[in-house]
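Shown next: my_file24.csv, containing CSV, C-alpha atoms.
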chain,number,residue,atom,x,y,z
G,1,ARG,CA,19.7,4.8,-29.4
G,2,LYS,CA,17.4,2.3,-31.0
G,3,TYR,CA,13.8,1.9,-30.0
G,4,LEU,CA,11.1,-0.6,-30.8
G,5,TYR,CA,8.0,1.2,-32.0
G,6,THR,CA,4.4,0.2,-32.1
G,7,LEU,CA,1.3,1.6,-33.8
G,8,THR,CA,-1.6,2.6,-31.7
G,9,THR,CA,-4.9,2.0,-33.4
G,10,ASP,CA,-7.0,4.2,-31.1
G,11,CYS,CA,-4.9,7.4,-31.7
G,12,ARG,CA,-7.3,10.2,-32.8
G,13,THR,CA,-4.8,13.1,-32.9
G,14,CYS,CA,-1.7,13.7,-34.9
G,15,ARG,CA,0.2,17.0,-34.4
G,16,VAL,CA,3.1,18.1,-36.4
G,17,GLY,CA,6.3,17.4,-34.4
G,18,ASN,CA,4.3,15.6,-31.7
G,19,CYS,CA,2.8,12.5,-33.4
G,20,ARG,CA,1.3,10.2,-30.9
G,21,LYS,CA,1.0,7.2,-33.2
G,22,PHE,CA,4.5,6.0,-32.6
G,23,GLN,CA,5.7,5.5,-29.1
G,24,PRO,CA,8.9,3.8,-27.8
G,25,MET,CA,8.2,0.6,-25.9
G,26,GLN,CA,10.1,0.2,-22.6
G,27,HIS,CA,11.1,-3.3,-21.4
G,28,ALA,CA,12.7,-5.0,-18.4
G,29,ARG,CA,13.3,-8.6,-17.4
G,30,VAL,CA,13.5,-10.3,-13.9
G,31,PHE,CA,14.1,-13.9,-13.3
G,32,THR,CA,12.1,-16.2,-10.9
G,33,ILE,CA,11.2,-19.9,-10.7
G,34,SER,CA,8.1,-22.0,-11.2
G,35,SER,CA,6.5,-23.6,-8.2
G,36,GLY,CA,6.0,-27.3,-7.6
G,37,ALA,CA,8.1,-30.4,-7.0
G,38,TRP,CA,10.4,-29.6,-9.9
G,39,PRO,CA,11.1,-25.9,-10.0
G,40,ARG,CA,12.6,-24.4,-13.2
G,41,PRO,CA,13.8,-20.9,-14.1
G,42,VAL,CA,11.2,-18.5,-15.4
G,43,GLU,CA,11.9,-15.3,-17.3
G,44,LEU,CA,9.4,-12.5,-16.5
G,45,ASP,CA,9.4,-9.8,-19.2
G,46,ALA,CA,7.4,-6.6,-18.7
G,47,THR,CA,6.8,-4.4,-21.7
G,48,HIS,CA,5.2,-0.9,-21.4
G,49,ARG,CA,3.3,0.3,-24.5
G,50,PRO,CA,0.4,2.7,-25.3
G,51,GLY,CA,-2.9,1.3,-24.2
G,52,ILE,CA,-5.1,0.8,-21.2
G,53,ARG,CA,-5.2,-2.9,-20.3
G,54,TRP,CA,-3.0,-5.7,-19.2
G,55,GLU,CA,-1.9,-8.8,-21.1
G,56,LEU,CA,-0.5,-11.8,-19.2
G,57,ILE,CA,1.0,-14.5,-21.4
G,58,GLY,CA,2.5,-17.8,-20.4
G,59,PHE,CA,0.2,-20.7,-19.2
G,60,THR,CA,-0.8,-19.1,-15.9
G,61,GLU,CA,-3.3,-20.2,-13.3
G,62,ARG,CA,-5.9,-17.8,-11.7
G,63,ILE,CA,-3.7,-16.7,-8.8
G,64,VAL,CA,-1.0,-15.7,-11.2
G,65,ARG,CA,-3.5,-13.8,-13.4
G,66,GLU,CA,-4.5,-11.9,-10.3
G,67,SER,CA,-0.9,-10.8,-9.7
G,68,PRO,CA,-1.2,-7.4,-11.6
G,69,GLN,CA,-4.0,-6.4,-9.2
G,70,ARG,CA,-2.0,-7.2,-6.1
G,71,VAL,CA,1.0,-5.3,-7.6
G,72,ARG,CA,-1.1,-2.2,-8.4
G,73,HIS,CA,-2.6,-2.1,-4.9
G,74,ALA,CA,0.8,-2.6,-3.2
G,75,TRP,CA,2.3,0.1,-5.5
G,76,ARG,CA,0.1,2.6,-3.7
G,77,SER,CA,2.1,2.2,-0.5
G,78,THR,CA,5.2,3.4,-2.2
G,79,ARG,CA,6.3,6.9,-3.2
G,80,GLN,CA,6.5,6.0,-6.9
G,81,PRO,CA,3.8,7.1,-9.4
G,82,TRP,CA,2.1,4.3,-11.2
G,83,PRO,CA,3.2,4.2,-14.8
G,84,SER,CA,0.0,4.4,-16.7
G,85,GLY,CA,-0.5,2.6,-20.0
G,86,LYS,CA,-0.6,-1.0,-21.2
G,87,TRP,CA,1.6,-3.6,-19.7
G,88,VAL,CA,2.4,-6.8,-21.6
G,89,ILE,CA,3.7,-9.5,-19.1
G,90,SER,CA,5.3,-12.6,-20.6
G,91,LEU,CA,6.3,-15.6,-18.5
G,92,SER,CA,8.5,-18.0,-20.3
G,93,PRO,CA,9.0,-20.9,-21.1
G,94,ALA,CA,5.3,-20.6,-22.2
G,95,ALA,CA,4.6,-24.3,-21.9
G,96,LEU,CA,5.7,-24.5,-18.3
G,97,PRO,CA,2.7,-24.2,-15.9
G,98,LYS,CA,2.9,-21.2,-13.4
G,99,SER,CA,1.0,-21.1,-10.2
G,100,GLY,CA,1.0,-19.3,-6.9
G,101,ALA,CA,1.7,-15.6,-5.9
G,102,ALA,CA,5.5,-15.8,-6.1
G,103,VAL,CA,5.6,-13.7,-9.3
G,104,ASP,CA,4.2,-10.6,-7.5
G,105,LEU,CA,7.6,-9.2,-6.4
G,106,PRO,CA,9.4,-10.0,-9.7
G,107,LEU,CA,6.5,-8.3,-11.6
G,108,ALA,CA,6.6,-5.1,-9.5
G,109,LEU,CA,10.4,-5.0,-9.9
G,110,ALA,CA,10.2,-5.4,-13.7
G,111,ILE,CA,7.7,-2.6,-14.0
G,112,HIS,CA,9.9,-0.4,-11.8
G,113,LEU,CA,12.9,-1.1,-14.0
G,114,ALA,CA,11.2,-0.8,-17.3
G,115,HIS,CA,11.9,3.0,-17.5
G,116,ARG,CA,15.2,2.9,-15.7
G,117,ARG,CA,18.8,1.7,-16.2
G,118,LYS,CA,18.5,-2.1,-15.9
G,119,THR,CA,19.9,-4.1,-13.0
G,120,THR,CA,21.3,-7.1,-14.9
G,121,ASN,CA,20.5,-10.7,-14.0
G,122,LEU,CA,18.1,-9.9,-11.1
G,123,TRP,CA,16.2,-12.8,-9.4
G,124,ALA,CA,13.3,-12.3,-7.0
G,125,MET,CA,10.4,-14.2,-5.4
G,126,GLY,CA,7.7,-13.1,-3.1
G,127,GLU,CA,4.0,-12.3,-2.6
G,128,LEU,CA,2.8,-8.7,-2.3
G,129,HIS,CA,0.1,-7.7,0.3
G,130,PHE,CA,-2.2,-4.8,-0.6
G,131,ASP,CA,-0.5,-2.7,2.1
G,132,GLY,CA,2.9,-3.2,0.4
G,133,ARG,CA,4.4,-5.9,2.6
G,134,VAL,CA,6.5,-8.6,0.9
G,135,LEU,CA,5.4,-12.0,2.1
G,136,PRO,CA,7.3,-15.3,1.9
G,137,VAL,CA,6.2,-18.1,-0.4
G,138,PRO,CA,7.2,-21.8,-0.8
G,139,GLY,CA,10.3,-22.6,-2.8
G,140,ILE,CA,12.6,-19.7,-1.8
G,141,PRO,CA,15.6,-22.1,-1.0
G,142,ALA,CA,15.1,-23.7,-4.5
G,143,LEU,CA,15.2,-20.2,-6.1
G,144,VAL,CA,18.5,-19.4,-4.3
G,145,SER,CA,20.1,-22.6,-5.5
G,146,ILE,CA,19.0,-22.2,-9.1
G,147,ALA,CA,19.8,-18.5,-9.2
G,148,LEU,CA,23.3,-19.0,-7.9
G,149,ALA,CA,23.9,-21.9,-10.3
G,150,GLN,CA,22.7,-19.7,-13.2
G,151,GLY,CA,25.1,-16.9,-12.2
G,152,ALA,CA,22.7,-14.5,-10.7
G,153,ALA,CA,24.1,-11.0,-10.0
G,154,ARG,CA,21.4,-9.9,-7.5
G,155,ILE,CA,18.7,-11.8,-5.5
G,156,LEU,CA,15.9,-10.1,-3.7
G,157,LEU,CA,13.8,-12.0,-1.2
G,158,PRO,CA,11.2,-11.4,1.5
G,159,LEU,CA,12.6,-10.5,4.9
G,160,ALA,CA,10.8,-13.4,6.6
G,161,ALA,CA,13.0,-15.9,4.5
G,162,GLN,CA,16.3,-14.7,6.0
G,163,ALA,CA,16.3,-17.2,8.8
G,164,GLU,CA,15.7,-20.0,6.4
G,165,VAL,CA,18.1,-19.0,3.7
G,166,GLY,CA,20.8,-17.2,5.6
G,167,ASP,CA,23.2,-14.4,4.5
G,168,HIS,CA,24.9,-14.2,1.2
G,169,PRO,CA,26.8,-11.4,-0.6
G,170,LYS,CA,24.3,-11.5,-3.6
G,171,ILE,CA,21.1,-11.7,-1.5
G,172,ARG,CA,19.2,-8.8,0.0
G,173,TYR,CA,16.0,-9.1,2.1
G,174,VAL,CA,13.2,-6.6,2.0
G,175,GLY,CA,10.0,-6.3,4.2
G,176,THR,CA,8.1,-3.9,1.9
G,177,LEU,CA,7.8,-3.0,-1.8
G,178,GLU,CA,9.2,0.5,-0.9
G,179,GLU,CA,12.3,-1.2,0.5
G,180,ALA,CA,12.7,-3.2,-2.6
G,181,PHE,CA,12.6,-0.1,-4.8
G,182,ALA,CA,15.2,1.5,-2.5
G,183,GLN,CA,17.4,-1.5,-2.9
G,184,LEU,CA,17.2,-1.4,-6.7
G,185,ASP,CA,18.1,2.3,-6.6
G,186,PHE,CA,21.1,1.5,-4.4
G,187,TRP,CA,22.2,-1.2,-6.8
G,188,GLU,CA,21.7,1.0,-9.8
G,189,HIS,CA,23.9,3.7,-8.4
G,190,SER,CA,26.6,1.3,-7.2
G,191,GLU,CA,26.8,-0.4,-10.6
G,192,VAL,CA,27.9,2.9,-12.3
G,193,PRO,CA,31.7,3.4,-12.2
G,194,VAL,CA,32.8,6.4,-10.1
G,195,ALA,CA,34.8,7.8,-13.0
G,196,VAL,CA,31.7,7.8,-15.2
G,197,LEU,CA,29.7,9.6,-12.5
G,198,ASN,CA,32.4,12.2,-12.0
G,199,ARG,CA,32.7,12.8,-15.7
G,200,THR,CA,28.9,13.1,-16.1
G,201,ARG,CA,28.7,15.7,-13.3
G,202,SER,CA,31.5,17.8,-14.8
G,203,LEU,CA,29.9,18.0,-18.3
G,204,GLU,CA,28.0,21.1,-19.3
G,205,PRO,CA,24.4,20.4,-20.4
G,206,GLU,CA,25.3,20.8,-24.1
G,207,GLU,CA,28.3,18.5,-23.8
G,208,ARG,CA,26.2,16.0,-21.9
G,209,ARG,CA,23.7,15.8,-24.7
G,210,ASN,CA,26.4,15.4,-27.4
G,211,SER,CA,28.2,12.7,-25.4
G,212,ALA,CA,25.1,10.6,-25.3
G,213,PHE,CA,25.5,9.9,-29.0
G,214,THR,CA,29.2,9.3,-29.1

Would you mind writing the structure in this file as structure tokens?
Amino acid sequence: RKYLYTLTTDCRTCRVGNCRKFQPMQHARVFTISSGAWPRPVELDATHRPGIRWELIGFTERIVRESPQRVRHAWRSTRQPWPSGKWVISLSPAALPKSGAAVDLPLALAIHLAHRRKTTNLWAMGELHFDGRVLPVPGIPALVSIALAQGAARILLPLAAQAEVGDHPKIRYVGTLEEAFAQLDFWEHSEVPVAVLNRTRSLEPEERRNSAFT
């Protein structure tokens, strides 16, 4: 398996067999849309690397720059430990202005997926309250139209938007961030073929390690 490595400049220790200078970076991508009269698709990429601070890239307004704080407070309402370290968040296209709190839910999902098996072509939109609730935002019908036109595999939306959008096989509605994580776990399990799961369970530990590199 190939990793992308980065050099940490603040590393003060280097042990034989346990060098902390080079650490693999974990990455995940979730799609959303820009707000405004002419919404466009936006790719939200979250990269986890050694460090202690956030970087938010991509022509963002103040409400968007505050999104990491809302995500971190909402995360406390879940059963998931917060992944410490430095997060680099990129919103592209970079020249497209981004405003509003609609990126809160996609950002939390990307962080959750960064160290897990990825759910492909996931679209999401929603604001996060400090207590973990997922709140509706303007532009959700536009996101659904754009996502389906782009061939979205999964769409995750606030529960309050269900009456406006309606039911669809690719859409799931969540009321809290904990429910969103549970839905991702369900999708992750359902995307693995049953034959692969059965074969993995039947392997001995040594065989399982060897099969990972075949």

Can you pull out the residues contacting segment 48-51 of chain G? Cut-off 7 Å, using all atoms listed in the file, and skip same-chain residues under 2 positions away; I want them as a PDB file with C-alpha atoms, in the coordinates of the input.
ATOM      1  CA  THR G   8      -1.600   2.600 -31.700  1.00  0.00           C
ATOM      2  CA  MET G  25       8.200   0.600 -25.900  1.00  0.00           C
ATOM      3  CA  GLN G  26      10.100   0.200 -22.600  1.00  0.00           C
ATOM      4  CA  HIS G  27      11.100  -3.300 -21.400  1.00  0.00           C
ATOM      5  CA  ALA G  46       7.400  -6.600 -18.700  1.00  0.00           C
ATOM      6  CA  ARG G  53      -5.200  -2.900 -20.300  1.00  0.00           C
ATOM      7  CA  GLY G  85      -0.500   2.600 -20.000  1.00  0.00           C
ATOM      8  CA  LYS G  86      -0.600  -1.000 -21.200  1.00  0.00           C
ATOM      9  CA  TRP G  87       1.600  -3.600 -19.700  1.00  0.00           C
ATOM     10  CA  VAL G  88       2.400  -6.800 -21.600  1.00  0.00           C
TER      11      VAL G  88
END

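Reported to one decimal place, the separation of atom CA of Pro68 of chain G from atom CA of Ser90 of chain G is 12.3 Å.
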
* To do: Give me, please, the distance in Å between atom CA of Val64 of chain G and atom CA of Asp104 of chain G, quoted to one decimal.
  => 8.2 Å

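Relative to atom CA of Ala102 of chain G, atom CA of Ala37 of chain G is found at 14.9 Å.
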
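The nearest approach to Asn121 of chain G among the residues G:Val165, G:Ile57, G:Val42, G:Ala153, with only C-alpha atoms taken into account, belongs to G:Ala153.
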
At a cut-off of 9 Å, using all atoms listed in the file, what residues contact segment 92-96 of chain G? Leave out same-chain residues fewer than 3 positions from it and give the result as a compact mmCIF listing (two decimals) with C-alpha atoms, keeping the file's coordinate frame.
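selection37.txt, written as the output of this step:
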# COMPACT_ATOMS: atom_id res chain seq x y z
CA SER G 34 8.10 -22.00 -11.20
CA ARG G 40 12.60 -24.40 -13.20
CA PRO G 41 13.80 -20.90 -14.10
CA VAL G 42 11.20 -18.50 -15.40
CA GLU G 43 11.90 -15.30 -17.30
CA LEU G 44 9.40 -12.50 -16.50
CA ASP G 45 9.40 -9.80 -19.20
CA ILE G 57 1.00 -14.50 -21.40
CA GLY G 58 2.50 -17.80 -20.40
CA PHE G 59 0.20 -20.70 -19.20
CA THR G 60 -0.80 -19.10 -15.90

* Asked: Between G:Arg116, G:Ser99, G:Arg72, G:Ile63, which is the closest to His189 of chain G once you count only C-alpha atoms?
  ->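 Looking only at the distances to His189 of chain G, the closest residue turns out to be G:Arg116.
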
* To do: Return the single residue from G:Arg133, G:His168, G:Lys98, G:Arg154 that is closest to Gly36 of chain G, with distances computed using only C-alpha atoms.
  =>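 Residue with the minimum atom-to-atom distance to Gly36 of chain G: G:Lys98.
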
* To do: Measuring atom to atom with all atoms listed in the file, identify which of G:Pro169, G:Pro97, G:Pro83, G:Leu91 is nearest to His115 of chain G.
  => G:Pro83

* Minimum-distance residue to Leu148 of chain G, chosen among G:Phe31, G:Trp82, G:Ala114, G:Glu178 (using all atoms listed in the file) -> G:Phe31

* Of the residues G:Thr120, G:Gln162, G:Gln183, G:Thr78, which is the one nearest to Ile140 of chain G, using all atoms listed in the file? ->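 Of G:Thr120, G:Gln162, G:Gln183, G:Thr78, the one nearest Ile140 of chain G is G:Gln162, counting all atoms listed in the file.
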
* To do: Give as a PyMOL selection string the set of residues within 9 Å of the point (6.9, -1.6, -0.4), where distances use the file's coordinates and all atoms listed in the file.
  => chain G and resi 74-79+128+131-134+174-181
